[in-house]
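The file query29.txt contains compact mmCIF, C-alpha atoms:
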# COMPACT_ATOMS: atom_id res chain seq x y z
CA MET A 1 -16.54 -9.05 -23.61
CA ASP A 2 -13.03 -10.47 -23.47
CA ILE A 3 -12.90 -13.96 -21.93
CA THR A 4 -9.50 -15.46 -21.21
CA HIS A 5 -9.08 -19.18 -20.57
CA ASP A 6 -6.23 -19.37 -18.08
CA ASN A 7 -4.77 -22.88 -18.23
CA ARG A 8 -1.14 -22.08 -17.42
CA PRO A 9 0.56 -23.56 -14.35
CA ALA A 10 -0.12 -21.32 -11.34
CA ALA A 11 3.54 -20.58 -10.69
CA ARG A 12 3.96 -19.08 -14.16
CA LYS A 13 0.81 -16.99 -14.39
CA ARG A 14 1.84 -13.83 -12.61
CA SER A 15 5.44 -13.76 -13.78
CA SER A 16 4.41 -14.11 -17.40
CA ARG A 17 2.53 -10.82 -17.31
CA ARG A 18 5.73 -8.78 -17.06
CA SER A 19 7.59 -8.63 -20.35
CA ASN A 20 10.32 -6.22 -19.19
CA ALA A 21 13.52 -8.23 -18.60
CA ALA A 22 15.09 -5.63 -16.29
CA PRO A 23 14.96 -6.65 -12.60
CA THR A 24 12.25 -4.97 -10.55
CA ILE A 25 11.72 -4.37 -6.87
CA ALA A 26 9.45 -7.45 -6.87
CA ASP A 27 12.34 -9.59 -8.17
CA VAL A 28 14.56 -8.28 -5.37
CA ALA A 29 11.84 -9.05 -2.80
CA ARG A 30 11.52 -12.64 -4.04
CA GLU A 31 15.28 -13.13 -4.02
CA ALA A 32 15.62 -11.68 -0.51
CA GLN A 33 12.51 -13.54 0.72
CA CYS A 34 10.89 -10.42 2.12
CA SER A 35 8.15 -7.98 1.16
CA PRO A 36 8.50 -5.27 -1.51
CA MET A 37 7.87 -2.70 1.23
CA THR A 38 10.95 -3.94 3.09
CA VAL A 39 13.04 -3.63 -0.07
CA SER A 40 11.73 -0.09 -0.51
CA ARG A 41 12.74 0.79 3.06
CA VAL A 42 16.26 -0.52 2.49
CA ILE A 43 16.62 1.37 -0.80
CA ASN A 44 15.42 4.58 0.83
CA GLY A 45 17.76 4.16 3.81
CA GLU A 46 15.04 3.89 6.41
CA GLU A 47 16.08 2.65 9.85
CA ASN A 48 13.17 0.38 10.79
CA VAL A 49 14.69 -2.70 9.11
CA ARG A 50 16.59 -5.46 10.90
CA GLU A 51 20.27 -5.53 10.02
CA ALA A 52 20.16 -9.15 8.87
CA THR A 53 17.26 -8.33 6.53
CA ARG A 54 19.04 -5.23 5.25
CA ILE A 55 22.10 -7.32 4.34
CA GLN A 56 19.89 -9.93 2.67
CA VAL A 57 18.20 -7.25 0.54
CA GLN A 58 21.51 -5.63 -0.38
CA GLU A 59 22.90 -9.00 -1.46
CA ALA A 60 19.80 -9.59 -3.62
CA ILE A 61 20.22 -6.13 -5.19
CA ALA A 62 23.84 -6.91 -6.00
CA LYS A 63 23.05 -10.38 -7.36
CA LEU A 64 20.28 -9.12 -9.66
CA ASN A 65 22.16 -5.93 -10.59
CA TYR A 66 19.11 -3.91 -9.60
CA ILE A 67 19.75 -0.15 -9.95
CA PRO A 68 17.22 2.38 -8.55
CA ASN A 69 18.79 5.06 -10.80
CA ARG A 70 19.53 7.60 -8.11
CA ALA A 71 22.61 8.78 -10.07
CA ALA A 72 20.47 10.10 -12.92
CA ARG A 73 18.40 12.13 -10.49
CA SER A 74 21.50 13.59 -8.84
CA LEU A 75 23.03 14.57 -12.21
CA ALA A 76 19.78 16.27 -13.16
CA GLY A 77 19.91 18.25 -9.94
CA GLY A 78 16.27 17.50 -9.13
CA ALA A 79 14.71 16.64 -5.79
CA GLN A 80 13.19 13.22 -5.34
CA LEU A 81 9.41 13.21 -5.74
CA ARG A 82 7.63 11.88 -2.65
CA ILE A 83 4.27 10.11 -2.86
CA ALA A 84 2.16 8.59 -0.08
CA LEU A 85 -0.05 5.54 -0.46
CA LEU A 86 -2.74 5.56 2.21
CA PHE A 87 -4.71 2.39 2.79
CA ASP A 88 -7.56 0.98 4.83
CA ASN A 89 -8.37 -2.26 3.04
CA PRO A 90 -9.16 -5.55 4.82
CA SER A 91 -8.28 -7.73 1.80
CA ALA A 92 -4.63 -8.75 2.09
CA SER A 93 -4.56 -10.21 -1.43
CA TYR A 94 -5.94 -7.01 -2.99
CA LEU A 95 -3.59 -4.83 -0.98
CA SER A 96 -0.60 -6.95 -1.99
CA GLU A 97 -1.35 -6.45 -5.70
CA PHE A 98 -1.99 -2.78 -5.07
CA LEU A 99 1.35 -2.24 -3.31
CA MET A 100 3.33 -4.17 -5.89
CA GLY A 101 2.14 -1.96 -8.73
CA ALA A 102 2.91 1.26 -6.87
CA LEU A 103 6.29 0.10 -5.57
CA GLU A 104 7.50 -1.15 -8.94
CA GLU A 105 6.51 2.04 -10.78
CA ALA A 106 7.89 4.29 -8.03
CA SER A 107 11.17 2.38 -8.05
CA LYS A 108 11.41 2.59 -11.83
CA ARG A 109 10.99 6.37 -11.68
CA ASP A 110 13.11 6.81 -8.53
CA ILE A 111 10.15 8.15 -6.57
CA HIS A 112 10.11 7.86 -2.80
CA LEU A 113 6.94 6.00 -1.83
CA VAL A 114 5.58 6.17 1.71
CA VAL A 115 3.02 3.50 2.64
CA GLN A 116 0.77 4.46 5.53
CA SER A 117 -2.28 2.88 7.17
CA CYS A 118 -5.21 5.27 7.62
CA GLU A 119 -8.30 3.84 9.27
CA THR A 120 -10.52 6.82 10.10
CA VAL A 121 -11.47 10.14 8.52
CA PRO A 122 -10.39 12.22 11.57
CA GLU A 123 -7.07 10.37 11.50
CA SER A 124 -6.67 11.09 7.78
CA LYS A 125 -6.95 14.86 8.26
CA GLU A 126 -4.07 14.98 10.71
CA LEU A 127 -2.04 12.41 8.77
CA ILE A 128 -2.38 14.21 5.41
CA SER A 129 -1.27 17.51 6.93
CA LYS A 130 1.69 15.82 8.57
CA LEU A 131 2.75 14.11 5.35
CA VAL A 132 2.45 17.28 3.28
CA ASP A 133 4.57 19.12 5.85
CA GLY A 134 7.11 16.31 5.44
CA GLY A 135 7.40 16.88 1.70
CA ILE A 136 4.74 14.52 0.30
CA VAL A 137 3.40 15.84 -3.02
CA GLY A 138 0.87 13.22 -4.11
CA PHE A 139 -1.49 10.72 -2.52
CA ILE A 140 -2.68 7.38 -3.93
CA LEU A 141 -6.00 6.37 -2.39
CA PRO A 142 -7.37 2.82 -2.80
CA PRO A 143 -10.85 1.70 -1.67
CA PRO A 144 -12.52 2.65 0.59
CA LEU A 145 -10.58 5.92 1.01
CA CYS A 146 -10.98 6.71 -2.69
CA ASP A 147 -14.75 6.96 -2.17
CA ASP A 148 -14.52 9.36 0.78
CA GLN A 149 -14.95 12.88 -0.60
CA SER A 150 -13.77 14.45 2.65
CA VAL A 151 -10.41 12.66 2.38
CA LEU A 152 -10.02 13.75 -1.25
CA ASP A 153 -10.90 17.32 -0.29
CA GLN A 154 -8.35 17.26 2.54
CA VAL A 155 -5.61 16.38 0.08
CA ARG A 156 -6.69 19.12 -2.29
CA ALA A 157 -6.93 21.72 0.51
CA SER A 158 -3.41 20.84 1.63
CA GLY A 159 -2.08 21.50 -1.86
CA GLY A 160 -1.44 17.83 -2.58
CA ILE A 161 -2.32 15.80 -5.68
CA ALA A 162 -4.87 13.02 -5.10
CA VAL A 163 -5.48 10.04 -7.39
CA ALA A 164 -8.33 7.70 -6.47
CA VAL A 165 -7.74 4.10 -7.56
CA GLY A 166 -10.76 1.83 -7.98
CA PRO A 167 -13.59 4.24 -7.13
CA GLY A 168 -17.07 3.18 -8.16
CA ARG A 169 -17.34 6.36 -10.20
CA ALA A 170 -14.91 9.08 -11.23
CA SER A 171 -14.81 12.44 -9.46
CA GLY A 172 -14.62 15.57 -11.57
CA SER A 173 -12.27 17.29 -9.14
CA HIS A 174 -9.64 14.57 -8.63
CA GLY A 175 -7.67 12.16 -10.77
CA SER A 176 -8.87 8.57 -10.87
CA VAL A 177 -8.05 5.18 -12.32
CA GLN A 178 -10.81 2.58 -12.53
CA ILE A 179 -12.54 -0.11 -14.54
CA ASP A 180 -16.22 -0.27 -15.48
CA GLU A 181 -17.43 -2.08 -12.35
CA PHE A 182 -21.04 -2.33 -13.51
CA GLN A 183 -20.19 -3.80 -16.90
CA ALA A 184 -17.67 -6.25 -15.46
CA ALA A 185 -20.22 -7.66 -13.00
CA TYR A 186 -22.85 -7.72 -15.75
CA ASP A 187 -20.51 -9.71 -18.00
CA MET A 188 -19.69 -12.24 -15.26
CA THR A 189 -23.37 -12.74 -14.47
CA ARG A 190 -24.15 -13.22 -18.16
CA HIS A 191 -21.35 -15.80 -18.32
CA ILE A 192 -22.85 -17.75 -15.40
CA ILE A 193 -26.32 -17.58 -16.95
CA GLY A 194 -24.83 -18.77 -20.23
CA LEU A 195 -23.64 -21.93 -18.48
CA GLY A 196 -27.28 -22.75 -17.75
CA HIS A 197 -27.67 -21.43 -14.20
CA GLU A 198 -30.93 -19.78 -13.20
CA ARG A 199 -30.71 -19.76 -9.41
CA ILE A 200 -27.64 -17.61 -8.75
CA GLY A 201 -26.49 -16.27 -5.39
CA PHE A 202 -24.61 -13.00 -5.01
CA ILE A 203 -22.34 -11.77 -2.20
CA ILE A 204 -22.13 -7.98 -1.91
CA GLY A 205 -18.91 -6.21 -0.93
CA ASN A 206 -18.36 -3.48 1.66
CA PRO A 207 -21.49 -1.28 1.59
CA GLU A 208 -19.34 1.84 2.15
CA GLN A 209 -17.59 1.35 -1.19
CA VAL A 210 -19.30 2.65 -4.33
CA ALA A 211 -17.87 -0.25 -6.38
CA SER A 212 -19.90 -2.69 -4.27
CA GLY A 213 -23.13 -1.07 -5.39
CA GLN A 214 -21.96 -0.95 -9.01
CA ARG A 215 -21.21 -4.68 -9.00
CA LEU A 216 -24.58 -5.47 -7.43
CA GLU A 217 -26.37 -3.38 -10.05
CA GLY A 218 -24.46 -5.15 -12.82
CA PHE A 219 -25.61 -8.50 -11.41
CA ARG A 220 -29.20 -7.33 -11.16
CA ALA A 221 -29.22 -5.92 -14.69
CA ALA A 222 -28.00 -9.19 -16.20
CA MET A 223 -30.53 -11.25 -14.23
CA GLU A 224 -33.41 -8.97 -15.21
CA GLU A 225 -32.37 -8.96 -18.86
CA ALA A 226 -32.40 -12.78 -18.84
CA GLY A 227 -35.85 -12.81 -17.24
CA LEU A 228 -34.58 -14.55 -14.11
CA PRO A 229 -36.04 -13.84 -10.66
CA ILE A 230 -33.86 -12.02 -8.12
CA SER A 231 -34.57 -13.33 -4.65
CA ASP A 232 -33.44 -11.38 -1.59
CA ARG A 233 -32.72 -14.74 0.01
CA LEU A 234 -29.99 -15.30 -2.57
CA ILE A 235 -28.24 -11.98 -1.95
CA ALA A 236 -25.95 -11.84 1.10
CA GLN A 237 -23.97 -8.98 2.57
CA GLY A 238 -20.19 -9.28 2.82
CA GLN A 239 -17.34 -6.90 3.66
CA PHE A 240 -14.71 -7.96 1.09
CA THR A 241 -13.06 -10.13 3.79
CA TYR A 242 -12.58 -13.90 3.83
CA ARG A 243 -14.44 -14.21 7.14
CA SER A 244 -17.46 -12.25 5.87
CA GLY A 245 -17.43 -14.47 2.78
CA MET A 246 -17.68 -17.58 4.95
CA THR A 247 -20.68 -16.17 6.80
CA ALA A 248 -22.42 -15.06 3.60
CA ALA A 249 -21.75 -18.36 1.82
CA GLU A 250 -23.09 -20.35 4.78
CA ARG A 251 -26.28 -18.33 4.64
CA LEU A 252 -26.70 -18.80 0.86
CA LEU A 253 -25.99 -22.54 0.97
CA SER A 254 -28.57 -22.95 3.75
CA VAL A 255 -31.39 -21.67 1.54
CA ASN A 256 -33.78 -24.38 0.29
CA PRO A 257 -33.28 -24.95 -2.55
CA PRO A 258 -29.73 -23.58 -2.59
CA PRO A 259 -28.25 -21.70 -5.54
CA THR A 260 -26.43 -23.68 -8.21
CA ALA A 261 -23.92 -20.82 -8.60
CA ILE A 262 -22.56 -18.05 -6.38
CA PHE A 263 -20.92 -14.87 -7.66
CA ALA A 264 -18.87 -13.18 -4.92
CA SER A 265 -17.83 -9.53 -5.25
CA ASN A 266 -14.13 -10.28 -4.69
CA ASP A 267 -11.75 -13.23 -4.67
CA ASP A 268 -11.41 -13.36 -0.87
CA MET A 269 -15.13 -13.97 -0.47
CA ALA A 270 -15.20 -16.36 -3.43
CA ALA A 271 -12.36 -18.40 -1.89
CA ALA A 272 -14.31 -18.49 1.37
CA THR A 273 -17.35 -19.72 -0.56
CA VAL A 274 -15.30 -22.56 -2.04
CA ALA A 275 -14.13 -23.48 1.47
CA MET A 276 -17.69 -23.44 2.82
CA ALA A 277 -18.87 -25.60 -0.09
CA HIS A 278 -16.15 -28.14 0.69
CA ARG A 279 -17.14 -28.09 4.34
CA ARG A 280 -20.63 -29.10 3.23
CA HIS A 281 -19.16 -31.88 1.03
CA LEU A 282 -20.08 -30.07 -2.17
CA ASP A 283 -17.83 -30.35 -5.18
CA VAL A 284 -16.82 -27.15 -6.97
CA PRO A 285 -17.80 -26.85 -9.81
CA ASN A 286 -19.74 -30.09 -10.26
CA ASP A 287 -22.19 -29.36 -7.43
CA ILE A 288 -21.91 -25.58 -7.37
CA THR A 289 -20.20 -22.92 -9.49
CA VAL A 290 -18.25 -20.19 -7.67
CA CYS A 291 -16.92 -17.04 -9.35
CA GLY A 292 -14.99 -14.07 -7.97
CA PHE A 293 -13.77 -10.61 -8.85
CA ASP A 294 -10.31 -8.92 -9.00
CA ASP A 295 -8.02 -11.83 -10.00
CA THR A 296 -5.65 -11.41 -7.08
CA GLU A 297 -2.95 -13.97 -6.31
CA LEU A 298 -5.49 -15.87 -4.21
CA ALA A 299 -7.60 -16.68 -7.28
CA SER A 300 -4.94 -19.00 -8.70
CA SER A 301 -3.63 -20.22 -5.32
CA ILE A 302 -6.65 -22.27 -4.24
CA TRP A 303 -8.26 -25.36 -5.75
CA PRO A 304 -10.17 -25.22 -7.88
CA GLU A 305 -8.68 -22.03 -9.26
CA LEU A 306 -11.27 -19.29 -9.53
CA THR A 307 -13.06 -18.04 -12.57
CA THR A 308 -12.97 -14.30 -11.94
CA ILE A 309 -12.85 -10.78 -13.34
CA ARG A 310 -9.27 -9.66 -13.82
CA GLN A 311 -9.08 -6.11 -12.54
CA PRO A 312 -5.61 -4.81 -13.52
CA ILE A 313 -4.80 -3.71 -9.97
CA ARG A 314 -1.03 -3.42 -10.46
CA GLU A 315 -1.47 -1.45 -13.67
CA MET A 316 -4.00 0.83 -11.96
CA THR A 317 -1.65 1.79 -9.14
CA ALA A 318 1.28 2.13 -11.54
CA GLN A 319 -0.88 4.49 -13.60
CA ALA A 320 -1.66 6.51 -10.46
CA VAL A 321 2.07 6.99 -9.85
CA VAL A 322 2.51 8.15 -13.45
CA MET A 323 -0.39 10.58 -13.16
CA ILE A 324 0.99 12.18 -10.00
CA ALA A 325 4.47 12.46 -11.52
CA ARG A 326 3.00 14.05 -14.64
CA ALA A 327 0.91 16.53 -12.65
CA TYR A 328 3.91 17.43 -10.49
CA LYS A 329 6.07 18.03 -13.54
CA GLN A 330 3.49 20.44 -14.97
CA LYS A 331 3.84 22.60 -11.83
CA THR A 332 0.11 23.40 -11.90
CA PRO A 333 -1.44 24.15 -8.48
CA ALA A 334 -3.65 21.27 -7.32
CA SER A 335 -6.62 23.63 -7.06
CA LYS A 336 -6.32 24.50 -10.77
CA ALA A 337 -5.07 21.21 -12.21
CA LYS A 338 -7.36 19.34 -14.60
CA ALA A 339 -8.51 16.04 -13.11
CA GLU A 340 -7.25 13.15 -15.25
CA GLN A 341 -9.66 10.20 -15.52
CA VAL A 342 -8.39 6.83 -16.78
CA THR A 343 -10.51 3.71 -17.36
CA LEU A 344 -8.59 0.50 -17.96
CA ALA A 345 -9.81 -2.72 -19.55
CA TYR A 346 -10.80 -5.79 -17.53
CA LYS A 347 -10.98 -9.46 -18.54
CA LEU A 348 -13.18 -12.35 -17.60
CA VAL A 349 -10.71 -15.14 -16.79
CA ARG A 350 -12.18 -18.61 -16.90
CA ARG A 351 -10.47 -21.27 -14.81
CA ASN A 352 -11.82 -24.34 -13.00
CA SER A 353 -14.51 -23.17 -10.59
CA ASP A 354 -17.43 -22.88 -13.01
CA ALA A 355 -19.56 -25.38 -14.93
CA GLY A 356 -23.17 -25.96 -15.90
CA PRO A 357 -25.63 -26.93 -13.12
CA SER A 358 -25.49 -30.61 -12.24
CA LEU A 359 -28.37 -32.88 -13.11
CA ALA A 360 -28.86 -33.70 -9.43
CA SER A 361 -29.18 -30.01 -8.50
CA SER A 362 -31.56 -29.31 -11.38
CA PHE A 363 -33.73 -32.31 -10.50
CA LYS A 364 -33.88 -31.27 -6.84
CA GLN A 365 -34.88 -27.69 -7.71
CA ASN A 366 -37.59 -28.84 -10.13
CA THR A 367 -38.94 -31.20 -7.43
CA ASP A 368 -38.92 -28.47 -4.77
CA ARG A 369 -40.86 -26.08 -7.03
CA LYS A 370 -43.73 -28.58 -7.44

In C-alpha cells, write the structure found in this file.
Amino acid sequence: MDITHDNRPAARKRSSRRSNAAPTIADVAREAQCSPMTVSRVINGEENVREATRIQVQEAIAKLNYIPNRAARSLAGGAQLRIALLFDNPSASYLSEFLMGALEEASKRDIHLVVQSCETVPESKELISKLVDGGIVGFILPPPLCDDQSVLDQVRASGGIAVAVGPGRASGSHGSVQIDEFQAAYDMTRHIIGLGHERIGFIIGNPEQVASGQRLEGFRAAMEEAGLPISDRLIAQGQFTYRSGMTAAERLLSVNPPPTAIFASNDDMAAATVAMAHRRHLDVPNDITVCGFDDTELASSIWPELTTIRQPIREMTAQAVVMIARAYKQKTPASKAKAEQVTLAYKLVRRNSDAGPSLASSFKQNTDRK
C-alpha cells in the first residue's frame, strides 16, 4: 500500500501534479475565470457562449499562447475525431475532475469533445443514436452510466466505441479504466484500524453503482480480518451526494456509543460528515476521525483537509480519450474490436482528518459496554 503524506499548501497541491509546462485548457479557464467547458465551446466555435465571455477566453488564449493545433490536423488532411462524454453524476467535485481530464487530453489531441447530460436509460438510447448520426465516434461513460450494460450495448449496437471509466468491475465486451475499488477500501480501513480504532462507521455510496458494493466489501474484509465486529447500526446508506452524507453522518453519530471513526465512500459524503461533527461540537480528528475516497478538489478545500484515497480521476478520463483515439485509428469495427482494460494505481493520502481514538471516547465506550 502506498501512503502519501500530503502537507503542501492547498493552493499548490493540484497544480504541482502537472509537470508539462505547455499551457493547457485548464490554464486558459483559470485565466479567463470560466469553466473548461466554456473554453472548449469557444475553441470549437460553438454559439452558446456570451460574447463578453468569448472575448475573455480569446484574450486568455492569446496571453498564454495556447494553440489547439488545428493547423497540424488540416495539413494532414484528416477529419477531427468527435467524442461524447455522457454523465449522470450528482457529485460536482467528482464531475469537475472527470471533465478536466477529458477536456485537457481532447484539447491536446485536437479532438472535439461533446459533454452531454444523460439521466435515464430511455433517454440514453435516443441520445446515443442522435450523437452517432451527428458524427460522434466514441463515448466516455462515468458512473453510474458505466455500470449500465444496456447503455454500453446501445453504444456498441450503434457502431460507436464505448469506454467505461470507474466501473466496479471490467466488462469483457467494452473498454474500461478503473482502480481496484475493493483493495483501496480495504487499505483505508486497515489504516483506520492501525490508528487504534475498533468502532468504525461506514457510509455506502449509490447502491446502483458497482463500485459502492466493492468499497463496502473492502471495508468488511478488513474489519473481519482484524477480528472486529461489524454492526449494521454503524453502516449507513448514502448516494455519493453531500446531502446524503449529512443524513448518514447524523444517523451514525446518534448511535450510542457513537463510532470513533467514519469512513465515507466519497469525499462529498466525508466533507458532510465533518460538517455534521462540527455541528455536534465534535473536533475532527481529536474527537472523531473522518476519511473519504476519490481525492477530489473538495478533499483539500475544507478544514481539516481529508485523509482519503486518491483515485486518479483526471488520468482515468484522459486514458479513456487515448483509448478511443487508438481504437478509431485502428479502423476496427466496434463489434470486432478487442476490449482494452486498464487498471491504474491509487494512493492513500494522509492529511489532517485522522488520528487515534481520544481517551475520552475510549473511556466512554468501555463504560457503556459494562

**OP:** Identify, on the basis of all atoms listed in the file, every residue whose closest approach to Leu216 in chain A does not exceed 8 Å; exclude the query and any residue fewer than 5 positions from it along the same chain; express the result as an MDAnalysis selection string.
**Re:** chainID A and resid 182 185 202 204

**OP:** Work out how far apart CA of Cys146 in chain A and CA of Ala164 in chain A are and give it in Å to one decimal.
**Re:**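 Taking CA of Cys146 in chain A and CA of Ala164 in chain A, their separation equals 4.7 Å.
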
**OP:** Would you list the contacts of range 96-103 of chain A as a list in words, taking every protein, DNA or RNA residue within 8 Å and counting only C-alpha atoms, but skipping same-chain residues closer than 2 positions in sequence?
**Re:** Ile25, Ala26, Pro36, Met37, Ser40, Ala92, Ser93, Tyr94, Glu105, Ala106, Ser107, Leu113, Thr296, Glu297, Ile313, Arg314, Glu315, Met316, Thr317, Ala318, Ala320 and Val321 of chain A

Original post:
Contacts of Val255 in chain A at 12 Å or less, counting all atoms listed in the file, minus same-chain residues fewer than 6 places along, as a list of chain:residue names?
Top reply: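 Counting only the stated atoms, we get A:Arg199, A:Ile200, A:Gly201, A:Ser231, A:Asp232, A:Arg233, A:Leu234, A:Ile235, A:Ala236, A:Ala248, A:Ala249, A:Gln365, A:Asp368.
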
Original post:
With distances taken over only C-alpha atoms, which of A:Met246, A:Ile179, A:Ala275, A:Val132 is nearest to Ala157 in chain A?
Top reply: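 When distances to Ala157 in chain A are compared using only C-alpha atoms, the smallest one comes from A:Val132.
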
Subject >> Nearest to Asp153 in chain A, chosen from A:Asp2, A:Pro167, A:Ile83, A:Lys125, with only C-alpha atoms counted in the distances >> reply: A:Lys125

Subject >> Proximity to Ala272 in chain A - best of A:Gln183, A:Gln149, A:Asn65, A:Ser244, only C-alpha atoms >> reply: A:Ser244

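The two atoms in question, CA of Thr260 in chain A and CA of Asp354 in chain A, are spaced 10.2 Å apart.
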
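The residue that comes closest to Glu225 in chain A, out of A:Arg190, A:Arg41, A:Arg109, A:Arg280 and on the basis of only C-alpha atoms, is A:Arg190.
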
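The coordinates place CA of Thr53 in chain A at 15.6 Å from CA of Asp27 in chain A.
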
Original post:
So, counting all atoms listed in the file, which residue among A:Thr38, A:Ser91, A:Gly238, A:Ala52 is closest to Val114 in chain A?
Top reply: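 Counting all atoms listed in the file, the residue closest to Val114 in chain A is A:Thr38.
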
Subject >> Residues within 12 Å of range 283-286 of chain A, all atoms listed in the file, excluding chain neighbours under 2 positions, as an MDAnalysis selection string >> reply: chainID A and resid 192 195 260:262 270:271 273:281 288:291 302:307 351:362

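Restricting the calculation to all atoms listed in the file, the smallest distance between Lys347 in chain A and any of A:Arg50, A:Arg215, A:His112, A:His5 is found for A:His5.
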
**OP:** Would you list the residues near (-18.9, -6.7, -19.4) (no more than 10 Å away, in the coordinates of the file, using only C-alpha atoms) as a ChimeraX atom specification?
**Re:** /A:1-3,180-191,218,222,309,345-348

**OP:** Please provide the set of residues having any atom within 10 Å of Leu81 in chain A, restricted to all atoms listed in the file, with same-chain residues fewer than 4 positions apart removed, written as a ChimeraX atom specification.
**Re:** /A:106,109-113,135-138,324-325,328-329

Original post:
Hey, can you pull every residue with an atom no more than 12 Å from (-4.6, 19.7, -1.7), using all atoms listed in the file, and send it as a PyMOL selection string?
Top reply: chain A and resi 125+128-129+131-133+136-139+150-163+173-174+332-337
